[in-house]
Amino acid sequence: MTPQPNPQAGAAVKAADRAHVFHSWSAQELIDPLAVAGAEGAYFWDYDGRRYLDFTSGLVFTNIGYQHPKVVAAIQEQAASMTTFAPAFAVEARSEAARLIAERTPGDLDKIFFTNGGAEAVENATRMARLHTGRPKVLSAYRSYHGATSAAINLTGDPRRWPNDSGAAGVVHFWAPFLYRSPFHAETEQQECERALQHLADTIAFEGPATIAAIILETIPGTAGIMMPPPGYLEGVRSLCDEYGIVFVLDEVMAGFGRTGHWFAADHYGVVPDLMTFAKGVNSGYVPLGGVAISPTIAETFAKRPYPGGLTYSGHPLACAAAVATLNVMEEEDILGQATRIGRAVLGPGLRELAERHPSVGEVRGTGVFWALELVRDRETREPLVPYNASGAANAPMAAFGAAAKAHGLWPFINMNRTHVVPPCNITEAEAKEGLAALDEALSVADEHTV
């Protein structure tokens, strides 16, 4: 679609936003949200007619792109027959969505508890673990993001936790493996894996195994940096959980439903958790939906004992109809295969080639359509391009990089000193190459801040 400029309409949208919308994670008077006029496929555009290739997939959720006609039609059809219904009833769209999700989850995770998003999924997964074990503590990694509800934000490791941290939520943080910035002084992936597992085992021992209900990990951390776990690490965590009767929770909210080229990132590692959270890509974000996939052992805990949790819109028919259509589209159009092919043939090689030419790129990592570039001032010392959690003038180099990307028609995902390359899973080769060319231009601006 060719965007048609309409600046007056855009000004009205912007004025209403500024007058009445309270935005997430923002100082309200210091932001200037772009007024978006429309979106289709991998692109969106503003009211001035500027079009952007979306290398963020929204917030890493439009796994099949914007406005896929089959999913839009499914939502319309569901709205015409049953727009909403309470969660205590059996509803066709809800039942079918649960069946299709359960078919794709690892191992025997065959019961699905629906939520409205990823944070609520994490909230309920940790509640289930605590009730199942009768233990209070949950362990999570420092480099992580699990959502912004009460339990989820305390589990989160990144700085968004700090203003919300109660300090009494029963959460203990530990270091997960990340060889590029190893907290264990490791020099190889094997060392990083072994030392990270020993660190976790020591944390369990000193916290008291009998006090720990769950360990939660993003299978491949998303917002925190897309750090691929070294071979053997997730299997080692699984073994520690089995040894001490700890519930193993994998957070697949961002990595799930095709983003890594598999239905779930856990499929890369052959690991089956006890609980798995999902959201985002389950229906490409078209209608809010998340959930928890539950093992038989934990489901049995609540077979004759009521589960003390629920949501008014759990398994909302519109959201579930969108999920059914999305999962069917992903099968019909081989979107997992496309994500794999684009990652192997275009994004992976293309990003590594950019790294060779741009001194601001310290590391390239990822798989499928789930990549991160670590931007640095100095490749030798690995000093980040901007300090940890930088803001204001200290964040100027990343702000300049972002502005350059947008000037070249690319909307980038930026977090701290990283840019993530996370376009829709069905992005075409031509679109991916267009994005790489824009990144090439923007990285030249980042290079100006290197030593």
# chains A, B, ... in the order shown; residues from 1 in each chain; ligands from 1
>>> residues_around(residues="Ala323 (chain A)", least_positions_apart="6", cutoff="12 Å", atoms="only C-alpha atoms", output="JSON, numbers by chain")
{"A": [63, 64, 70, 71, 72, 74, 75, 78, 93, 94, 95, 96, 97, 98, 99, 100, 101, 114, 257, 278, 279, 280, 281, 282, 283, 284, 285, 286, 287, 288, 289, 290, 291, 315, 316, 317, 329, 330]}
>>> write_last_selection(atoms="C-alpha atoms", output="PDB file, in the first residue's frame")
ATOM      1  CA  ASN A  63       5.498 -12.614  13.775  1.00  0.00           C
ATOM      2  CA  ILE A  64       3.380 -12.795  10.604  1.00  0.00           C
ATOM      3  CA  LYS A  70      -6.526 -14.507   6.868  1.00  0.00           C
ATOM      4  CA  VAL A  71      -6.155 -13.490  10.508  1.00  0.00           C
ATOM      5  CA  VAL A  72      -8.141 -10.284  10.004  1.00  0.00           C
ATOM      6  CA  ALA A  74     -10.893 -14.845  11.259  1.00  0.00           C
ATOM      7  CA  ILE A  75     -11.327 -12.040  13.796  1.00  0.00           C
ATOM      8  CA  GLN A  78     -15.535 -14.656  15.178  1.00  0.00           C
ATOM      9  CA  ALA A  93     -12.320 -20.879  19.475  1.00  0.00           C
ATOM     10  CA  ARG A  94     -10.815 -21.311  22.940  1.00  0.00           C
ATOM     11  CA  SER A  95     -10.775 -25.107  22.769  1.00  0.00           C
ATOM     12  CA  GLU A  96      -9.263 -25.129  19.284  1.00  0.00           C
ATOM     13  CA  ALA A  97      -6.585 -22.592  20.186  1.00  0.00           C
ATOM     14  CA  ALA A  98      -5.611 -24.662  23.237  1.00  0.00           C
ATOM     15  CA  ARG A  99      -5.463 -27.828  21.137  1.00  0.00           C
ATOM     16  CA  LEU A 100      -3.272 -26.262  18.459  1.00  0.00           C
ATOM     17  CA  ILE A 101      -0.903 -24.728  21.003  1.00  0.00           C
ATOM     18  CA  PHE A 114      -4.951 -18.536  28.978  1.00  0.00           C
ATOM     19  CA  PHE A 257       6.025 -19.178  17.797  1.00  0.00           C
ATOM     20  CA  PHE A 278       3.859 -17.663  25.926  1.00  0.00           C
ATOM     21  CA  ALA A 279       2.166 -14.620  24.343  1.00  0.00           C
ATOM     22  CA  LYS A 280       3.115 -12.182  21.533  1.00  0.00           C
ATOM     23  CA  GLY A 281       3.605 -14.384  18.459  1.00  0.00           C
ATOM     24  CA  VAL A 282       0.816 -16.818  19.373  1.00  0.00           C
ATOM     25  CA  ASN A 283      -1.534 -14.597  17.348  1.00  0.00           C
ATOM     26  CA  SER A 284       0.933 -12.006  16.071  1.00  0.00           C
ATOM     27  CA  GLY A 285      -0.355  -9.588  18.695  1.00  0.00           C
ATOM     28  CA  TYR A 286      -3.584  -8.945  16.791  1.00  0.00           C
ATOM     29  CA  VAL A 287      -5.701  -9.336  19.952  1.00  0.00           C
ATOM     30  CA  PRO A 288      -4.045  -9.586  23.416  1.00  0.00           C
ATOM     31  CA  LEU A 289      -3.385 -13.216  24.371  1.00  0.00           C
ATOM     32  CA  GLY A 290      -0.902 -15.134  26.487  1.00  0.00           C
ATOM     33  CA  GLY A 291      -0.812 -18.284  28.508  1.00  0.00           C
ATOM     34  CA  GLY A 315      -9.225 -17.281  26.483  1.00  0.00           C
ATOM     35  CA  HIS A 316     -11.137 -14.395  24.924  1.00  0.00           C
ATOM     36  CA  PRO A 317     -12.863 -15.702  21.768  1.00  0.00           C
ATOM     37  CA  VAL A 329      -1.183 -19.489   8.497  1.00  0.00           C
ATOM     38  CA  MET A 330       2.220 -20.339   9.936  1.00  0.00           C
TER      39      MET A 330
END
>>> residues_around(residues="Ala255 (chain A)", least_positions_apart="4", cutoff="7 Å", atoms="only C-alpha atoms", output="list of chain:residue names")
A:Ile220, A:Gly222, A:Arg259, A:Thr260, A:Phe264, A:Ala265
>>> atom_distance(atom1="CA of Thr381 (chain A)", atom2="CA of Pro183 (chain A)")
14.9 Å
>>> closest_residue(among="A:Ala176, A:Val422, A:Arg160, A:Leu53", to="Ser26 (chain A)", atoms="only C-alpha atoms")
A:Arg160
>>> atom_distance(atom1="CA of Ala345 (chain A)", atom2="CA of Ala430 (chain A)")
11.9 Å
>>> select_by_dssp(residues="region 86-294 of chain A", states="strand (DSSP E)", output="number ranges by chain")
A: 111-115, 137-141, 171-174, 212-218, 247-251, 275-278, 290-294
>>> closest_atom_pairs(of="region 135-187 of chain A", to="region 382-388 of chain A", cutoff="12 Å", atoms="only C-alpha atoms", output="JSON lines")
{"residue": "A:Arg143", "atom": "CA", "partner": "A:Tyr388", "partner_atom": "CA", "distance": 12.0}
{"residue": "A:Asp158", "atom": "CA", "partner": "A:Tyr388", "partner_atom": "CA", "distance": 10.1}
{"residue": "A:Pro159", "atom": "CA", "partner": "A:Tyr388", "partner_atom": "CA", "distance": 9.2}
{"residue": "A:Tyr180", "atom": "CA", "partner": "A:Arg382", "partner_atom": "CA", "distance": 8.5}
{"residue": "A:Arg181", "atom": "CA", "partner": "A:Arg382", "partner_atom": "CA", "distance": 8.3}
{"residue": "A:Ser182", "atom": "CA", "partner": "A:Arg382", "partner_atom": "CA", "distance": 11.5}
>>> select_by_dssp(residues="region 73-248 of chain A", states="alpha helix (DSSP H)", output="PDB file with C-alpha atoms, in the first residue's frame")
ATOM      1  CA  ALA A  73     -10.910 -12.340   8.377  1.00  0.00           C
ATOM      2  CA  ALA A  74     -10.893 -14.845  11.259  1.00  0.00           C
ATOM      3  CA  ILE A  75     -11.327 -12.040  13.796  1.00  0.00           C
ATOM      4  CA  GLN A  76     -14.189 -10.585  11.753  1.00  0.00           C
ATOM      5  CA  GLU A  77     -15.865 -13.989  11.455  1.00  0.00           C
ATOM      6  CA  GLN A  78     -15.535 -14.656  15.178  1.00  0.00           C
ATOM      7  CA  ALA A  79     -16.905 -11.203  16.032  1.00  0.00           C
ATOM      8  CA  ALA A  80     -19.948 -11.905  13.887  1.00  0.00           C
ATOM      9  CA  SER A  81     -20.745 -15.166  15.675  1.00  0.00           C
ATOM     10  CA  GLU A  92     -14.967 -23.535  20.191  1.00  0.00           C
ATOM     11  CA  ALA A  93     -12.320 -20.879  19.475  1.00  0.00           C
ATOM     12  CA  ARG A  94     -10.815 -21.311  22.940  1.00  0.00           C
ATOM     13  CA  SER A  95     -10.775 -25.107  22.769  1.00  0.00           C
ATOM     14  CA  GLU A  96      -9.263 -25.129  19.284  1.00  0.00           C
ATOM     15  CA  ALA A  97      -6.585 -22.592  20.186  1.00  0.00           C
ATOM     16  CA  ALA A  98      -5.611 -24.662  23.237  1.00  0.00           C
ATOM     17  CA  ARG A  99      -5.463 -27.828  21.137  1.00  0.00           C
ATOM     18  CA  LEU A 100      -3.272 -26.262  18.459  1.00  0.00           C
ATOM     19  CA  ILE A 101      -0.903 -24.728  21.003  1.00  0.00           C
ATOM     20  CA  ALA A 102      -0.635 -27.993  22.956  1.00  0.00           C
ATOM     21  CA  GLU A 103       0.232 -29.836  19.722  1.00  0.00           C
ATOM     22  CA  ARG A 104       3.242 -27.554  19.282  1.00  0.00           C
ATOM     23  CA  GLY A 118       3.055 -12.444  28.844  1.00  0.00           C
ATOM     24  CA  ALA A 119       3.352 -10.748  32.227  1.00  0.00           C
ATOM     25  CA  GLU A 120       0.143 -12.389  33.452  1.00  0.00           C
ATOM     26  CA  ALA A 121       1.441 -15.704  32.136  1.00  0.00           C
ATOM     27  CA  VAL A 122       4.592 -15.336  34.243  1.00  0.00           C
ATOM     28  CA  GLU A 123       2.497 -14.216  37.217  1.00  0.00           C
ATOM     29  CA  ASN A 124       0.379 -17.365  37.043  1.00  0.00           C
ATOM     30  CA  ALA A 125       3.255 -19.725  36.255  1.00  0.00           C
ATOM     31  CA  THR A 126       5.122 -18.669  39.387  1.00  0.00           C
ATOM     32  CA  ARG A 127       1.908 -18.907  41.418  1.00  0.00           C
ATOM     33  CA  MET A 128       1.370 -22.446  40.156  1.00  0.00           C
ATOM     34  CA  ALA A 129       4.961 -23.377  41.038  1.00  0.00           C
ATOM     35  CA  ARG A 130       4.667 -22.009  44.566  1.00  0.00           C
ATOM     36  CA  LEU A 131       1.367 -23.768  45.181  1.00  0.00           C
ATOM     37  CA  HIS A 132       2.635 -27.033  43.667  1.00  0.00           C
ATOM     38  CA  THR A 133       5.783 -27.110  45.793  1.00  0.00           C
ATOM     39  CA  SER A 150       3.877  -7.401  40.526  1.00  0.00           C
ATOM     40  CA  ALA A 151       5.572 -10.811  40.485  1.00  0.00           C
ATOM     41  CA  ALA A 152       6.878 -10.457  36.925  1.00  0.00           C
ATOM     42  CA  ILE A 153       8.645  -7.142  37.493  1.00  0.00           C
ATOM     43  CA  ASN A 154      10.350  -8.487  40.613  1.00  0.00           C
ATOM     44  CA  LEU A 155      11.541 -11.483  38.585  1.00  0.00           C
ATOM     45  CA  GLU A 189      31.493 -21.647  25.771  1.00  0.00           C
ATOM     46  CA  GLN A 190      32.222 -24.852  27.667  1.00  0.00           C
ATOM     47  CA  GLN A 191      33.826 -22.924  30.527  1.00  0.00           C
ATOM     48  CA  GLU A 192      30.962 -20.452  30.569  1.00  0.00           C
ATOM     49  CA  CYS A 193      28.420 -23.267  30.731  1.00  0.00           C
ATOM     50  CA  GLU A 194      30.217 -25.176  33.484  1.00  0.00           C
ATOM     51  CA  ARG A 195      30.861 -22.099  35.614  1.00  0.00           C
ATOM     52  CA  ALA A 196      27.345 -20.747  35.181  1.00  0.00           C
ATOM     53  CA  LEU A 197      25.880 -24.079  36.262  1.00  0.00           C
ATOM     54  CA  GLN A 198      28.210 -24.214  39.272  1.00  0.00           C
ATOM     55  CA  HIS A 199      27.187 -20.673  40.210  1.00  0.00           C
ATOM     56  CA  LEU A 200      23.517 -21.657  39.999  1.00  0.00           C
ATOM     57  CA  ALA A 201      24.127 -24.823  42.026  1.00  0.00           C
ATOM     58  CA  ASP A 202      25.901 -22.743  44.681  1.00  0.00           C
ATOM     59  CA  THR A 203      23.037 -20.238  44.723  1.00  0.00           C
ATOM     60  CA  ILE A 204      20.554 -23.055  45.263  1.00  0.00           C
ATOM     61  CA  ALA A 205      22.687 -24.537  48.046  1.00  0.00           C
ATOM     62  CA  PHE A 206      23.081 -21.247  49.912  1.00  0.00           C
ATOM     63  CA  GLU A 207      19.432 -20.219  49.484  1.00  0.00           C
ATOM     64  CA  TYR A 233      23.313 -25.118  29.951  1.00  0.00           C
ATOM     65  CA  LEU A 234      19.546 -25.573  29.788  1.00  0.00           C
ATOM     66  CA  GLU A 235      19.977 -29.329  30.176  1.00  0.00           C
ATOM     67  CA  GLY A 236      22.068 -28.628  33.274  1.00  0.00           C
ATOM     68  CA  VAL A 237      19.390 -26.373  34.748  1.00  0.00           C
ATOM     69  CA  ARG A 238      16.819 -29.076  34.047  1.00  0.00           C
ATOM     70  CA  SER A 239      18.981 -31.571  35.973  1.00  0.00           C
ATOM     71  CA  LEU A 240      19.377 -29.223  38.956  1.00  0.00           C
ATOM     72  CA  CYS A 241      15.617 -28.718  39.078  1.00  0.00           C
ATOM     73  CA  ASP A 242      15.027 -32.460  38.962  1.00  0.00           C
ATOM     74  CA  GLU A 243      17.601 -33.045  41.715  1.00  0.00           C
ATOM     75  CA  TYR A 244      15.975 -30.621  44.140  1.00  0.00           C
TER      76      TYR A 244
END
>>> closest_residue(among="A:Met228, A:Gly350, A:His408, A:His262", to="Glu331 (chain A)", atoms="only C-alpha atoms")
A:His262
>>> residues_around(residues="Ser295 (chain A)", least_positions_apart="2", cutoff="12 Å", atoms="only C-alpha atoms", output="MDAnalysis selection string")
chainID A and resid 102 105:113 125 128:129 132 247:249 272:277 292:293 297:302
>>> atom_distance(atom1="CA of His268 (chain A)", atom2="CA of Gln67 (chain A)")
29.4 Å
>>> decode(residues="region 398-413 of chain A", atoms="N, CA and C atoms", output="mmCIF file, in the first residue's frame")
data_model
loop_
_atom_site.group_PDB
_atom_site.id
_atom_site.type_symbol
_atom_site.label_atom_id
_atom_site.label_comp_id
_atom_site.auth_asym_id
_atom_site.auth_seq_id
_atom_site.Cartn_x
_atom_site.Cartn_y
_atom_site.Cartn_z
ATOM 1 N N MET A 398 23.673 6.314 20.926
ATOM 2 C CA MET A 398 22.605 5.414 20.504
ATOM 3 C C MET A 398 21.431 6.194 19.915
ATOM 4 N N ALA A 399 21.155 7.360 20.463
ATOM 5 C CA ALA A 399 20.094 8.203 19.912
ATOM 6 C C ALA A 399 20.433 8.617 18.481
ATOM 7 N N ALA A 400 21.699 8.945 18.238
ATOM 8 C CA ALA A 400 22.122 9.329 16.893
ATOM 9 C C ALA A 400 22.011 8.145 15.936
ATOM 10 N N PHE A 401 22.391 6.965 16.404
ATOM 11 C CA PHE A 401 22.249 5.760 15.591
ATOM 12 C C PHE A 401 20.783 5.538 15.226
ATOM 13 N N GLY A 402 19.892 5.631 16.218
ATOM 14 C CA GLY A 402 18.471 5.425 15.969
ATOM 15 C C GLY A 402 17.907 6.432 14.989
ATOM 16 N N ALA A 403 18.287 7.701 15.129
ATOM 17 C CA ALA A 403 17.804 8.737 14.215
ATOM 18 C C ALA A 403 18.274 8.472 12.789
ATOM 19 N N ALA A 404 19.505 7.998 12.640
ATOM 20 C CA ALA A 404 20.030 7.699 11.312
ATOM 21 C C ALA A 404 19.274 6.543 10.670
ATOM 22 N N ALA A 405 18.955 5.522 11.458
ATOM 23 C CA ALA A 405 18.194 4.390 10.925
ATOM 24 C C ALA A 405 16.824 4.853 10.420
ATOM 25 N N LYS A 406 16.152 5.665 11.220
ATOM 26 C CA LYS A 406 14.827 6.148 10.814
ATOM 27 C C LYS A 406 14.906 7.039 9.584
ATOM 28 N N ALA A 407 15.962 7.827 9.499
ATOM 29 C CA ALA A 407 16.145 8.688 8.326
ATOM 30 C C ALA A 407 16.287 7.867 7.051
ATOM 31 N N HIS A 408 16.735 6.621 7.188
ATOM 32 C CA HIS A 408 16.894 5.739 6.031
ATOM 33 C C HIS A 408 15.736 4.738 5.927
ATOM 34 N N GLY A 409 14.621 5.032 6.599
ATOM 35 C CA GLY A 409 13.414 4.241 6.441
ATOM 36 C C GLY A 409 13.360 2.968 7.240
ATOM 37 N N LEU A 410 14.174 2.848 8.275
ATOM 38 C CA LEU A 410 14.197 1.654 9.117
ATOM 39 C C LEU A 410 13.812 2.034 10.537
ATOM 40 N N TRP A 411 12.851 1.307 11.118
ATOM 41 C CA TRP A 411 12.510 1.529 12.519
ATOM 42 C C TRP A 411 13.255 0.486 13.353
ATOM 43 N N PRO A 412 14.252 0.932 14.160
ATOM 44 C CA PRO A 412 15.109 -0.032 14.852
ATOM 45 C C PRO A 412 14.625 -0.351 16.261
ATOM 46 N N PHE A 413 14.977 -1.532 16.725
ATOM 47 C CA PHE A 413 14.775 -1.901 18.127
ATOM 48 C C PHE A 413 16.072 -1.570 18.857
#
